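In what follows, a single structure is set out as structure tokens and then discussed.
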Amino acid sequence: MSEKNSQQESPLAKTFDAQTIEPAIAELWDNANAFAAGAGHREGEESFTIVIPPPNVTGSLHIGHAFNNTLQDILVRFKRMQGKDVLWQPGMDHAGIATQMVVERQLMENQEPNRHALGRDNFIERIWQWKKQSGGLIFNQLRRLGASCDWSRERFTMDEGLSEAVLEVFISLYKEGLIYKDKRLVNWDPKLLTAISDLEVEQIETKGNLWHFKYPLEPGVSYRHPYILDNEGNKLSWRPSQGDPAGYEIRDYLTVATTRPETMLGDTGVAVHPDDPRYQDLVGKHVVLPLVERRIPIVADPYPDPEAGTGAVKMTPAHDFNDFDVGNRNNLRRINILTVDGNIHIKENDDFLEGLESTPELVDLISQLHGQDRFKARNIVLKMMETKGLLAKTENHTHMVPHGDRSGVPIEPFLTDQWYVNAEELAKPAIAAVREGRTSFVPKNWENTYFNWMENIQPWCISRQLWWGHQIPAWYGPDGQIFVEKSEREAQSAADAHYGKSVEINRDPDVLDTWFSSALWPFSTLGWPEKTPELARYYQTDVLITGFDIIFFWVARMMMAGLHFMKDEEGTPIEPFHTVYVHALVRDKNGAKMSKSKGNVVDPLELIDQYGADALRYTLANMAVQGGDVKLDPARVAGFRNFGTKLWNATRFAEITGVKYNSDFKPQDARLTINRWILAELSKSIEEITAKIESYRFNEAASAAYKFVWNSFCDWYLELLKPIFSGEDEDARAESQACAAYVLADIYKLLHPFMPFMTEELWQRTADREQLLCHAHWPTALDSDTEAADEINWLIELIGEIRSVRAEMGIKPSQVMALIITGADDKITKWIQMHANAIARLSRVEPVEIKESSPKGSAQIVIGKVNYFLPLEGIVDFVEERKRLEKELKKLDSEISRLDKKLGNERFVANAPERVVAEERQKLAGYQSQKEKMAVAHNRIKDMS
RNA sequence: GGGCGGUUAGCUCAGUUGGGAGAGCAACUGGUUUACACCCAGUAGGUCACAGGUUCGAGCCCUGUACCGCCCACCA
């Protein structure tokens with residue numbers, strides 16, 4: 001490294017040029033293969049593994065990725081510097097629907113044949129081509145961000161290896177009976193023409209109507225319908241809970257309500273609650289479904305709520321999840337009246353026509369409705385019902401309508417054959433693992449969300465009617481017999497064996513839900529099902545860092561898959577990770593989720609262009625509050641860019657003043673208080689930053705570093721070194737130069753996880769380093785040295801007071817004035833002598849003198865028992881000082897009276913811990929002695945002004 | 001309908017075992033020096049949403065209310 005990165009001749013530029021330096025540093029890391037698995041590993045240190053949440057192959061870096069990956073990188077770089085055997089496993093997700101949509105759109109834009117014309121194989125080939133050209137853009141963007149993944153290990157969910165894992169998992173779950181095929185209602189997306197899982201359904205509040213229909217009872221049947229009267233004597237519907245009804249009327253119809261009138265074409269029953277007194281006599285009778293004239297039964301089922309609506313509910317088992325269940329319990333027919341794309345299908349539909357007489361009215365109905373879009377059909381049905389006088393009432397009604405999260409159209413419950421995973425079974429060990437603390441969430445409250453979902457988990461529909469994805473390894477024999485095997489050849493021989501002769505088999509055309517392969521990510525990327533060395537070394541992974549929006553989609557499913565397939569030698573299941581760090585989503589300024597469709601996306605790449613990756617990362621780290629929302633304000637990015645510049649300039653100052661890294665410097669041997677002080681502050685910061693990163697409090701780690709660098713190191717340490725650097729004491733200068741270099745080097749290390757580019761650059765430029773900063777040893781704290789702190793804290797307080805007095809009294813900065821000290825003991829005297837230069841320089845006082853008696857006409861400062869005077873004669877009107885003292889005295893009075901009251905409270909003295917009481921007493925004494933001195937000063941000045 | 005989170009300075013937000021409320025930005029005053037105007041020094045600004053309760057003591061714990069946001073859910 002030394003030939004390339006030895007100290008460079010040219011001095012540092014005035015600011016850090018992120019545009020040119022960041023890419024150069026990225027290249028330096030690249031060439032050194034700095035992030036390969038195990039790079040920088042030190043003997044005896046364990047492994048540390050993170051798998052990246054695989055971005056979609058179609059994706060480009062959005063602010064959420066930037067946030068998520070910044071946090072991962074902070075942790076990964078931190079662990080790497082601790083000498084751990086680190087793997088940050090990168091990779092991408094094939095994102096079935098999203099990718100297929102992108103390429104289909106591209107075909108359309110290019111006016112090329114659509115996918116159906118192209119055919120399945122050609123289309124898939126086309127997607128691979130697209131991936132080669134435009135996929136994975138996001139990885140370059142992640143590199144710009146500084147993500148230190150082992151890029152050589154990049155995986156893709158459609159890779160051969162990962163596909164092998166998918167096959168293995170599917171087949172063994174099938175053979176265990178945990179994957180099965182079933183005909184039931186699914187969430188059907190009529191636009192994308194595929195089934196989707198419950199999680200891909202978004203409930204959207206929609207304003208609509210609730211229409212009340214009269215369904216005539218079959219001829220000869222009627223019943224007594226009770227009612228109550230309102231104050232005006234109007235008949236109101238009666239509910240079982242209301243006690244005795246006021247009266248009855250004879251009805252030959254039932255009223256049902258619906259938000260989806262068009263589904264009535266598929267009604268096959270009316271359900272009432274078995275205990276509902278209104279309808280008990282009707283159970284077992286029939287109604288005649290209007291328009292269609294189908295005779296359908298009235299059944300008793302616990303599902304209808306007698307308190308809601310009329311208590312009678314129309315049943316469409318083929319188009320509603322509840323009705324489906326009721327239908328199963330009561331043997332109701334299932335009549336599918338829709339096509340896959342959501343149009344009415346009642347012509348030549350045997351299910352629909354069964355049992356119907358072919359009347360002219362029916363023919364007319366069919367001709368009016370068949371082929372109509374479901375929403376148009378709704379209006380037509382409504383008109384028909386109204387015409388017949390069967391529309392009893394129309395109410396405004398706001399309700400949740402399920403929409404496909406990709407297509408944005410209302411989904412249809414649709415009766416199809418699909419593949420399911422028995423998630424309930426797989427969830428059991430996944431729940432236990434978290435309950436028993438083998439995997440824990442940070443922050444902990446997400447565990448409730450996890451449990452709540454896992455404990456109510458539904459079968460997971462994993463088949464998709466798409467082309468892009470892992471095709472389901474199932475083949476069908478002539479009679480529909482299923483053969484699930486690794487290859488067509490094996491399926492063929494299984495089929496041949498089954499039938500005892502050679503038969504033709506057909507592969508299931510469907511592909512698997514993308515999340516099926518993502519669920520395997522923590523072990524499939526390490527080579528499973530092969531027993532690779534990486535699998536042994538890096539599984540179990542350590543921390544999963546992810547947004548809460550994919551806890552269900554991804555985290556839960558990784559837990560299920562990991563615990564089912566990964567076992568140690570004794571067969572004990574191994575969780576995929578021991579910790580799940582859940583961060584907030586980056587939201588727009590209104591707190592809304594950012595999404596492309598809303599157009600409220602902040603582009604991290606623009607921020608990187610403008611401020612540099614380090615600045616963006618530092619900002620994001622500072623926003624990573626556990627449990628909090630993240631709203632991005634560009635002004636803050638600028639602020640943290642400024643912080644980088646500050647550090648840059650501190651280094652520049654060091655360079656100018658001969659600060660040079662010296663490996664002989666031993667911090668324990670530092671002699672000067674100022675050096676011992678900064679080393680103690682450094683140690684405190686090291687401890688704090690280390691602890692905060694380890695507890696995932698990234699914002700607190702970042703702000704601790706910020707304060708140390710800016711407030712302690714730059715504002716005070718470097719300022720206090722200036723007189724030493726320009727002074728005569730060569731030993732002091734040499735020690736300080738070495739010490740400053742030492743502290744700077746540790747600062748680079750401490751900041752490296754947060755701002756890797758600039759720190760690496762500075763590290764390389766400030767000394768002839770043996771290694772890259774990203775492999776340097778994370779610093780450890782020294783034994784604490786509190787002695788120095790007293791002295792420097794006194795100095796800081798004194799300088800601050802002098803500055804404050806000067807400013808308040810309007811003394812020009814250019815005005816140099818004397819400082820006279822009285823009442824100094826030996827210690828203070830020594831300190832004054834030691835720091836006279838610094839005091840003079842930083843607070844513009846000259847000379848600094850210790851005297852026996854106080855000068856006349858001075859501003860007065862009290863620190864501890866010592867008085868400090870600034871003679872004002874000829875400089876400023878005493879009135880100003882009088883006002884200032886009065887203000888001070890007022891403040892002291894209020895403090896003193898507050899403490900008096902508190903300490904006068906017997907119960908406080910009796911109940912509060914001794915420590916607290918003692919502290920308060922000490923404070924009070926301090927304020928009192930300060931007040932006495934101030935009062936003296938005030939009296940004196942009053943006489944003069 | 002169930003669950004979770006939020007309400008602290010003009011703005012964006014910190015505040016981990018209860019013991020005098022902080023940061024950044026913005027504002028105001030003023031800038032001499034061996035780095036930095038992306039800077040330095042100083043100043044001002046808060047009934048910690050509201051109402052009760054526990055406690056010697058509450059931004060923090062308990063109860064309730066209001067408003068905002070999110071997640072889950074099959075009410076026709």
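Ordering of the structure tokens sets the chain letters (A, B, ...); residue numbers start at 1 within each chain; ligands are numbered from 1 in the order shown.
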**Message:** Going by DSSP on the backbone, which residues of segment 330-545 of chain A come out as strand (DSSP E or B)? List them as a PyMOL selection string.
**Reply:** chain A and resi 338+343-344+373+391-404+410+412-421+440-442+460-461+463-464+471+474-476+482-484+506-507+511-512+541-545
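Residue list for chain A within 7 Å of chain B: Ala257, Thr258, Val313, Phe321, Asn322, Ala635, Arg636, Asn642, Thr645, Lys646, Asn649, Ala650, Arg652, Phe653, Thr657, Lys722, Ser804, Ala807, Pro813, Ser814, Arg907, Phe908, Asn911, Ala912 and Val916 of chain A, counting only C-alpha atoms (C1' of nucleotides).
For the residues A:Pro402, A:Gly857, A:Gly527, A:Gly96, ranking by smallest atom-to-atom distance to Val511 of chain A using only C-alpha atoms places A:Gly96 first.
We find atom CA of Leu192 of chain A and atom CA of Asp513 of chain A to be spaced 13.8 Å apart.
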**Message:** I need the alpha helix (DSSP H) residues of segment 64-114 of chain A per DSSP on the backbone, written as a PyMOL selection string.
**Reply:** chain A and resi 64-81+96-109
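Interatomic distance, atom CA of Ile380 of chain A to atom CA of Ala312 of chain A: 23.6 Å.
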**Message:** Could you tell me how far atom CA of Thr829 of chain A sits from atom CA of Glu791 of chain A, in Å to one decimal place?
**Reply:** 11.6 Å
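Residues surrounding Glu412 of chain A within 7 Å are Asn187, Trp188, Asp189 and Pro190 of chain A [only C-alpha atoms (C1' of nucleotides); sequence separation below 3 positions excluded].
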**Item:** Residue neighbourhood Gly64 of chain A, 10 Å, only C-alpha atoms (C1' of nucleotides), exclusion window fewer than 6 positions, as number ranges by chain
**Value:** A: 70, 546-547, 583-587, 594, 601-604, 620, 630
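Nearest residue to Tyr253 of chain A among A:Thr339, A:Ser222, A:Thr268, A:Thr194 is A:Ser222, counting only C-alpha atoms.
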